[in-house]
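K.L.:
Pasting a structure here, questions to come.
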Amino acid sequence: MARSRFIRRVRISASADEAFSWHSRQGAFERLSPPWESVDVVERSGSIRNGDRVLLQVKQGPVSVRWELEHEDFEDGRQFCDVQVSGPFTEWRHEHRFVPAGEECYLEDAIQFRLPGGPVGGVFAPLVRRKLERLFKYRHDVTQRDIAIHQGGKTMNVLVTGSTGLVGSALVPFLTTGGHEVRRLVRQEPQPGEVGWDPAEGSIDATGLEGLDAVVHLAGENIAEGRWTEAKKERIRDSRVEGTRILCEALAGLENPPKVLVCASAIGFYGDRGDEVLTEASPPGEGFLAEVCQAWEASTAEAEAAGIRVVHTRIGLVATPAGGFLQMLLPITTLGLGGWPGAGAGYMPWIALDDVLYAIHHAILDDELAGPVNLSAPAPATSKAFVKTLASVQNRPAVLRVPEGLLRLVGGELVRKEALKSVRMRPAALLDRGFRFATPDLRLALAHLTGHLDSHTL
């Protein structure tokens with residue numbers, strides 16, 4: 001059977017050397033993996049030079065397969081190649097080419113592949129090419145945006161807590177591909193590049209915090225897992241309030257503390273506010289999460305007193321198929337069973353995951369930005385509008401309404417207490433400081449995140 005070929009080319013507003021360097025850094029594979037695909041790095045030896053290898057675990061529904069690739073034809077600043085050693089294809093060769101074009105360059109991905117099964121397998125080659133088109137459209141969009149955001153900036157030494165969470169696991173590769181050095185604050189035995197702490201015991205390795213330019217604090221008990229017993233509520237509160245206090249005390253006591261602390265907060269600060277437009281100047285709401293968020297933000301006082309610029313990122317509903325609420329909604333809407341809670345009139349302060357990363361990066365660099373900062377798209381959507389848009393992007397219907405009584409009966413604690421809330425949040429502080437969202441439009445954001453980039457979504 002003849003080889004099948006796929007080529008996609010895009011112009012990058014950076015030199016070939018800059019674009020190549022971005023791809024050669026740790027985290028590039030993670031940044032380029034579409035969130036709708038389940039691909040994990042099992043083992044990696046080296047980087048992208050000749051002979052370096054990577055072993056991947058690829059899942060398609062219930063099927064899981066290992067895919068081992070070896071790099072060859074490395075030419076610094078111009079190209080590298082992945083060749084299958086073992087895996088799902090009979091043959092696979094992927095050439096990454098960086099072609100200079102004045103002060104810019106073209107990034108070209110050229111793939112040759114053969115499917116198993118001879119002529120029968122070849123029937124499915126057009127399906128593979130369509131899948132590759134979706135994948136590389138996503139990859140090229142991310143590459144263009146990330147390189148543009150990092151271009152011309154100084155490299156920094158950044159500490160990240162909560163680095164295995166939904167936001168943290170994406171933030172670390174975003175920073176490392178930008179050339180920044182990242183240290184992780186971890187509770188287990190620290191490995192090279194990690195700093196140990198035990199917030200439950202009130203201990204932290206302060207010596208590992210020296211030499212930092214910035215800290216991004218994302219750690220906290222997962223509020224979506226388990227019933228909200230009194231013990232669970234105590235863990236939710238203490239992991240945020242006491243953990244932040246311990247970290248801030250350690251940072252304040254350093255000989256050379258970091259210039260900025262970007263500390264997570266949440267939309268829970270505002271409570272349930274109906275149609276009221278909420279900016280950073282709005283007062284807090286009522287309820288358990290509102291109380292937690294207020295105490296959480298107040299627990300950075302010692303860092304502020306030490307002259308550290310503190311930014312409280314009130315993070316909205318993070319949209320990504322890799323986790324969170326969108327991961328739960330996608331299978332339902334794919335089956336044409338998409339529905340909205342109650343009347344669907346409650347506002348959802350959604351924000352695409354990459355815009356969370358870009359906003360955090362902006363908060364680190366903008367010396368004039370301090371205090372509360374709302375992290376949500378400029379135009380929040382009602383829950384009904386969100387579900388209908390998600391279904392439409394997938395060319396599926398969405399006509400169902402989930403009764404409030406059913407939600408309260410069968411939903412988890414988070415669903416019962418939070419799904420029917422309305423938070424019409426506006427990111428006034430970011431907009432006032434000139435921050436530009438990569439995907440401010442709901443339809444285009446969902447099309448990008450799910451890979452449904454057909455003609456009516458572009």
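Order determines the names: the first chain of the structure tokens is A, the second B, and so forth; residues in each chain are numbered 1 upward, and ligands are numbered 1 upward as they are shown.
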Considering only C-alpha atoms, return as a list in words whatever protein or nucleic-acid residues lie within 9 Å of Asp17 of chain A, sequence-local ones (same chain, fewer than 5 positions apart) excluded.

P.N.:
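Near Asp17 of chain A, the qualifying residues are Trp22, Asp76, Gly77, Arg78, Phe98, Pro100 and Cys105 of chain A.
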
K.L.:
Restrict the calculation to only C-alpha atoms, then for each residue of segment 91-198 of chain A with any atom at most 12 Å from an atom of segment 424-442 of chain A give the closest atom pair and their distance in Å to one decimal, rows by chain and rising residue number, as a Markdown table.

P.N.:
| residue | atom | partner | partner_atom | distance |
| --- | --- | --- | --- | --- |
| A:Asp141 | CA | A:Ala438 | CA | 9.9 |
| A:Val142 | CA | A:Ala438 | CA | 9.8 |
| A:Gln144 | CA | A:Ala438 | CA | 10.9 |
| A:Arg145 | CA | A:Ala438 | CA | 7.7 |
| A:Asp146 | CA | A:Ala438 | CA | 10.2 |
| A:Ala148 | CA | A:Ala438 | CA | 11.3 |
| A:Ile149 | CA | A:Ala438 | CA | 10.4 |

K.L.:
Nearest to Gly202 of chain A: which of A:Thr229, A:Ser47, A:Asn222, A:Thr244 is it, counting only C-alpha atoms?

P.N.:
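Looking at the shortest contact to Gly202 of chain A, the residue is A:Thr244.
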
K.L.:
Compile the contact shell of Ser38 of chain A as number ranges by chain: residues with an atom at most 10 Å away, counting only C-alpha atoms, same-chain residues fewer than 6 positions apart removed.

P.N.:
A: 57-61, 64, 321-322

K.L.:
As a CSV table (one decimal) with all heavy atoms, in the first residue's frame, please: the residues near Thr90 of chain A (cut-off 7 Å, only C-alpha atoms, same-chain neighbours under 6 positions excluded).

P.N.:
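Dumped everything to around_34.csv:
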chain,number,residue,atom,x,y,z
A,114,ARG,N,1.7,5.0,7.0
A,114,ARG,CA,1.0,3.9,6.4
A,114,ARG,C,0.2,3.2,7.5
A,114,ARG,O,0.8,2.9,8.6
A,114,ARG,CB,1.9,2.9,5.7
A,114,ARG,CG,2.4,3.3,4.3
A,114,ARG,CD,3.0,2.2,3.5
A,114,ARG,NE,4.2,1.7,4.2
A,114,ARG,CZ,4.8,0.6,3.8
A,114,ARG,NH1,4.4,-0.2,2.8
A,114,ARG,NH2,6.0,0.2,4.4
A,115,LEU,N,-1.0,2.8,7.2
A,115,LEU,CA,-1.9,2.2,8.2
A,115,LEU,C,-1.7,0.6,8.1
A,115,LEU,O,-1.5,0.1,7.0
A,115,LEU,CB,-3.3,2.6,8.0
A,115,LEU,CG,-3.7,4.0,8.3
A,115,LEU,CD1,-5.0,4.4,7.8
A,115,LEU,CD2,-3.5,4.3,9.8
A,116,PRO,N,-1.9,-0.1,9.2
A,116,PRO,CA,-1.8,-1.5,9.1
A,116,PRO,C,-3.1,-2.1,8.4
A,116,PRO,O,-4.1,-1.4,8.2
A,116,PRO,CB,-1.9,-2.0,10.6
A,116,PRO,CG,-2.6,-0.9,11.3
A,116,PRO,CD,-2.2,0.4,10.6

K.L.:
Suppose you want the space between atom CA of Ala385 of chain A and atom CA of Asp355 of chain A; what is it in Å?

P.N.:
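Taking atom CA of Ala385 of chain A and atom CA of Asp355 of chain A, their separation equals 20.4 Å.
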
K.L.:
Would you please extract all helix (DSSP H, G or I) residues from segment 158-396 of chain A, as assigned by DSSP on the backbone, and give them as number ranges by chain?

P.N.:
A: 168-177, 206-209, 230-252, 267-270, 288-298, 301-305, 324-334, 353-365, 383-393

K.L.:
Which residues come within 12 Å of Ile360 of chain A, counting only C-alpha atoms, excluding same-chain residues fewer than 2 positions away, as a ChimeraX atom specification?

P.N.:
/A:149,158,160,167-168,170-172,174-175,214-218,260-264,310-315,353-358,362-366,369-370,373-375,430,435,437

K.L.:
Please produce a file of those selected residues containing N, CA and C atoms, as a compact mmCIF listing (two decimals), in the first residue's frame.

P.N.:
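The resulting file, result-v5.txt, is reproduced below:
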# COMPACT_ATOMS: atom_id res chain seq x y z
N ILE A 149 3.52 35.73 22.79
CA ILE A 149 3.42 36.21 24.18
C ILE A 149 4.78 36.23 24.85
N VAL A 158 10.45 31.01 38.39
CA VAL A 158 9.08 31.04 38.90
C VAL A 158 8.81 29.80 39.74
N VAL A 160 5.85 27.44 41.30
CA VAL A 160 4.44 27.13 41.07
C VAL A 160 3.99 26.11 42.11
N VAL A 167 -5.04 23.83 36.20
CA VAL A 167 -4.33 25.01 35.70
C VAL A 167 -2.82 24.82 35.82
N GLY A 168 -2.35 24.32 36.96
CA GLY A 168 -0.92 24.19 37.18
C GLY A 168 -0.23 23.28 36.19
N ALA A 170 -0.93 22.83 33.17
CA ALA A 170 -0.80 23.52 31.88
C ALA A 170 0.14 24.71 31.99
N LEU A 171 0.17 25.35 33.16
CA LEU A 171 1.00 26.54 33.34
C LEU A 171 2.49 26.21 33.28
N VAL A 172 2.89 25.09 33.89
CA VAL A 172 4.31 24.75 33.93
C VAL A 172 4.90 24.60 32.53
N PHE A 174 3.75 25.82 29.76
CA PHE A 174 3.67 27.14 29.11
C PHE A 174 4.87 28.00 29.50
N LEU A 175 5.25 27.96 30.76
CA LEU A 175 6.38 28.76 31.23
C LEU A 175 7.72 28.20 30.74
N ALA A 214 9.19 35.28 40.81
CA ALA A 214 7.73 35.29 40.94
C ALA A 214 7.26 33.97 41.53
N VAL A 215 6.09 34.02 42.17
CA VAL A 215 5.44 32.82 42.71
C VAL A 215 4.00 32.80 42.21
N VAL A 216 3.57 31.64 41.71
CA VAL A 216 2.17 31.43 41.33
C VAL A 216 1.62 30.36 42.25
N HIS A 217 0.67 30.76 43.09
CA HIS A 217 0.15 29.88 44.14
C HIS A 217 -1.25 29.40 43.75
N LEU A 218 -1.34 28.11 43.40
CA LEU A 218 -2.60 27.53 42.92
C LEU A 218 -3.09 26.38 43.80
N VAL A 260 6.71 39.42 42.95
CA VAL A 260 5.26 39.27 42.77
C VAL A 260 4.79 37.89 43.20
N LEU A 261 3.62 37.88 43.82
CA LEU A 261 2.91 36.65 44.15
C LEU A 261 1.56 36.69 43.47
N VAL A 262 1.34 35.76 42.55
CA VAL A 262 0.02 35.62 41.91
C VAL A 262 -0.68 34.49 42.63
N CYS A 263 -1.70 34.84 43.39
CA CYS A 263 -2.37 33.87 44.26
C CYS A 263 -3.78 33.60 43.75
N ALA A 264 -4.11 32.33 43.61
CA ALA A 264 -5.44 31.96 43.14
C ALA A 264 -6.50 32.36 44.16
N VAL A 310 1.06 41.60 45.27
CA VAL A 310 0.17 40.44 45.32
C VAL A 310 -1.02 40.65 44.39
N VAL A 311 -1.26 39.66 43.55
CA VAL A 311 -2.41 39.66 42.65
C VAL A 311 -3.31 38.48 43.02
N HIS A 312 -4.58 38.77 43.31
CA HIS A 312 -5.55 37.72 43.62
C HIS A 312 -6.37 37.41 42.37
N THR A 313 -6.10 36.29 41.73
CA THR A 313 -6.81 35.93 40.50
C THR A 313 -8.09 35.19 40.85
N ARG A 314 -9.21 35.87 40.70
CA ARG A 314 -10.51 35.24 40.95
C ARG A 314 -10.90 34.46 39.70
N ILE A 315 -10.50 33.19 39.69
CA ILE A 315 -10.58 32.37 38.48
C ILE A 315 -12.01 31.89 38.26
N LEU A 353 -8.82 27.78 29.05
CA LEU A 353 -7.65 27.49 29.87
C LEU A 353 -6.44 28.31 29.44
N ASP A 354 -6.18 28.41 28.14
CA ASP A 354 -5.01 29.17 27.70
C ASP A 354 -5.09 30.64 28.10
N ASP A 355 -6.29 31.21 28.12
CA ASP A 355 -6.42 32.59 28.56
C ASP A 355 -6.13 32.73 30.05
N VAL A 356 -6.37 31.69 30.83
CA VAL A 356 -5.96 31.71 32.24
C VAL A 356 -4.44 31.79 32.32
N LEU A 357 -3.75 30.98 31.51
CA LEU A 357 -2.29 30.98 31.52
C LEU A 357 -1.75 32.34 31.09
N TYR A 358 -2.33 32.89 30.02
CA TYR A 358 -1.86 34.18 29.51
C TYR A 358 -2.12 35.30 30.52
N HIS A 362 0.57 37.67 32.31
CA HIS A 362 0.40 39.12 32.29
C HIS A 362 0.50 39.69 33.71
N ALA A 363 -0.12 39.00 34.67
CA ALA A 363 -0.09 39.46 36.06
C ALA A 363 1.32 39.45 36.63
N ILE A 364 2.14 38.49 36.21
CA ILE A 364 3.53 38.43 36.66
C ILE A 364 4.31 39.63 36.15
N LEU A 365 4.07 39.99 34.90
CA LEU A 365 4.89 41.01 34.24
C LEU A 365 4.42 42.44 34.46
N ASP A 366 3.14 42.65 34.69
CA ASP A 366 2.58 44.00 34.78
C ASP A 366 2.77 44.55 36.19
N LEU A 369 -0.28 46.03 38.14
CA LEU A 369 -1.46 45.21 38.44
C LEU A 369 -1.31 44.59 39.82
N ALA A 370 -2.28 44.87 40.70
CA ALA A 370 -2.25 44.33 42.06
C ALA A 370 -3.66 44.23 42.59
N VAL A 373 -8.20 40.40 40.66
CA VAL A 373 -8.28 40.42 39.20
C VAL A 373 -9.22 39.30 38.76
N ASN A 374 -10.31 39.66 38.12
CA ASN A 374 -11.26 38.67 37.63
C ASN A 374 -10.71 37.96 36.40
N LEU A 375 -10.70 36.63 36.45
CA LEU A 375 -10.27 35.84 35.30
C LEU A 375 -11.48 35.15 34.69
N LEU A 430 -8.16 43.42 34.05
CA LEU A 430 -7.36 42.97 32.91
C LEU A 430 -7.59 43.86 31.69
N PHE A 435 -4.91 43.92 28.59
CA PHE A 435 -4.79 42.49 28.30
C PHE A 435 -5.74 42.11 27.16
N PHE A 437 -7.53 39.00 25.26
CA PHE A 437 -7.89 37.58 25.34
C PHE A 437 -7.63 36.90 23.99

K.L.:
Please indicate the distance in Å from atom CA of Arg130 of chain A to atom CA of Phe386 of chain A, rounded to one decimal place.

P.N.:
26.6 Å

K.L.:
Might you pull out every residue within 10 Å of Ser422 of chain A, with only C-alpha atoms counted and same-chain residues fewer than 5 positions away left off, and present them as an MDAnalysis selection string?

P.N.:
chainID A and resid 270:276 344:349 382:383

K.L.:
Give me the residues within 10 Å of Thr334 of chain A as a list in words, counting only C-alpha atoms and dropping any in the same chain fewer than 6 places off.

P.N.:
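Counting only the stated atoms, we get Leu390, Ala391, Ser392, Val393, Gln394, Asn395, Arg396, Pro397 and Ala398 of chain A.
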
K.L.:
Export, as a CSV table (one decimal), in the first residue's frame, the selected residues with N, CA, C and O atoms.

P.N.:
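Printed below is result.csv as written:
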chain,number,residue,atom,x,y,z
A,390,LEU,N,-22.1,24.9,22.7
A,390,LEU,CA,-21.2,23.7,22.7
A,390,LEU,C,-21.8,22.6,21.8
A,390,LEU,O,-21.1,22.0,21.0
A,391,ALA,N,-23.1,22.4,21.9
A,391,ALA,CA,-23.8,21.4,21.1
A,391,ALA,C,-23.7,21.8,19.6
A,391,ALA,O,-23.5,21.0,18.7
A,392,SER,N,-24.0,23.1,19.3
A,392,SER,CA,-23.9,23.6,18.0
A,392,SER,C,-22.6,23.4,17.3
A,392,SER,O,-22.5,23.0,16.1
A,393,VAL,N,-21.5,23.7,18.1
A,393,VAL,CA,-20.2,23.5,17.6
A,393,VAL,C,-19.9,22.1,17.1
A,393,VAL,O,-19.2,21.8,16.2
A,394,GLN,N,-20.6,21.1,17.9
A,394,GLN,CA,-20.4,19.7,17.5
A,394,GLN,C,-21.5,19.2,16.6
A,394,GLN,O,-21.6,18.0,16.3
A,395,ASN,N,-22.3,20.2,16.1
A,395,ASN,CA,-23.4,19.8,15.2
A,395,ASN,C,-24.4,18.9,15.8
A,395,ASN,O,-24.9,17.9,15.2
A,396,ARG,N,-24.7,19.1,17.1
A,396,ARG,CA,-25.7,18.3,17.8
A,396,ARG,C,-26.8,19.2,18.4
A,396,ARG,O,-26.6,20.4,18.5
A,397,PRO,N,-28.0,18.6,18.6
A,397,PRO,CA,-29.1,19.4,19.2
A,397,PRO,C,-28.8,19.6,20.7
A,397,PRO,O,-28.1,18.8,21.4
A,398,ALA,N,-29.5,20.6,21.3
A,398,ALA,CA,-29.5,20.7,22.8
A,398,ALA,C,-30.8,21.4,23.1
A,398,ALA,O,-31.0,22.6,22.9

K.L.:
Between atom CA of Trp67 of chain A and atom CA of Val10 of chain A, what is the distance in Å, rounded to a tenth?

P.N.:
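Separating atom CA of Trp67 of chain A from atom CA of Val10 of chain A is a distance of 26.6 Å.
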
K.L.:
With distances taken over only C-alpha atoms, which residue among A:Ser376, A:Thr333, A:Ser299, A:Thr207 lies nearest Ala266 of chain A?

P.N.:
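Of all the options, A:Ser376 lies closest to Ala266 of chain A.
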
K.L.:
So, with only C-alpha atoms as the atoms that count, which of A:Gly193, A:Gly339, A:Ser163, A:Gln79 lies closest to Lys388 of chain A?

P.N.:
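Among A:Gly193, A:Gly339, A:Ser163, A:Gln79, it is A:Gly339 that comes nearest to Lys388 of chain A.
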
K.L.:
Could you write out, as a VMD selection string, all the residues of segment 132-366 of chain A that DSSP marks as strand (DSSP E or B)?

P.N.:
chain A and resid 157 to 161 181 to 186 194 to 198 203 to 204 214 to 217 260 to 266 277 to 278 309 to 315 317 to 320 323 339 to 341 347 to 348 350 to 352

K.L.:
Which is closer to Arg183 of chain A than all the others in A:Gly226, A:Pro331, A:Pro199, A:Gly208, using only C-alpha atoms?

P.N.:
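Going through A:Gly226, A:Pro331, A:Pro199, A:Gly208 one by one, the smallest distance to Arg183 of chain A is for A:Gly208.
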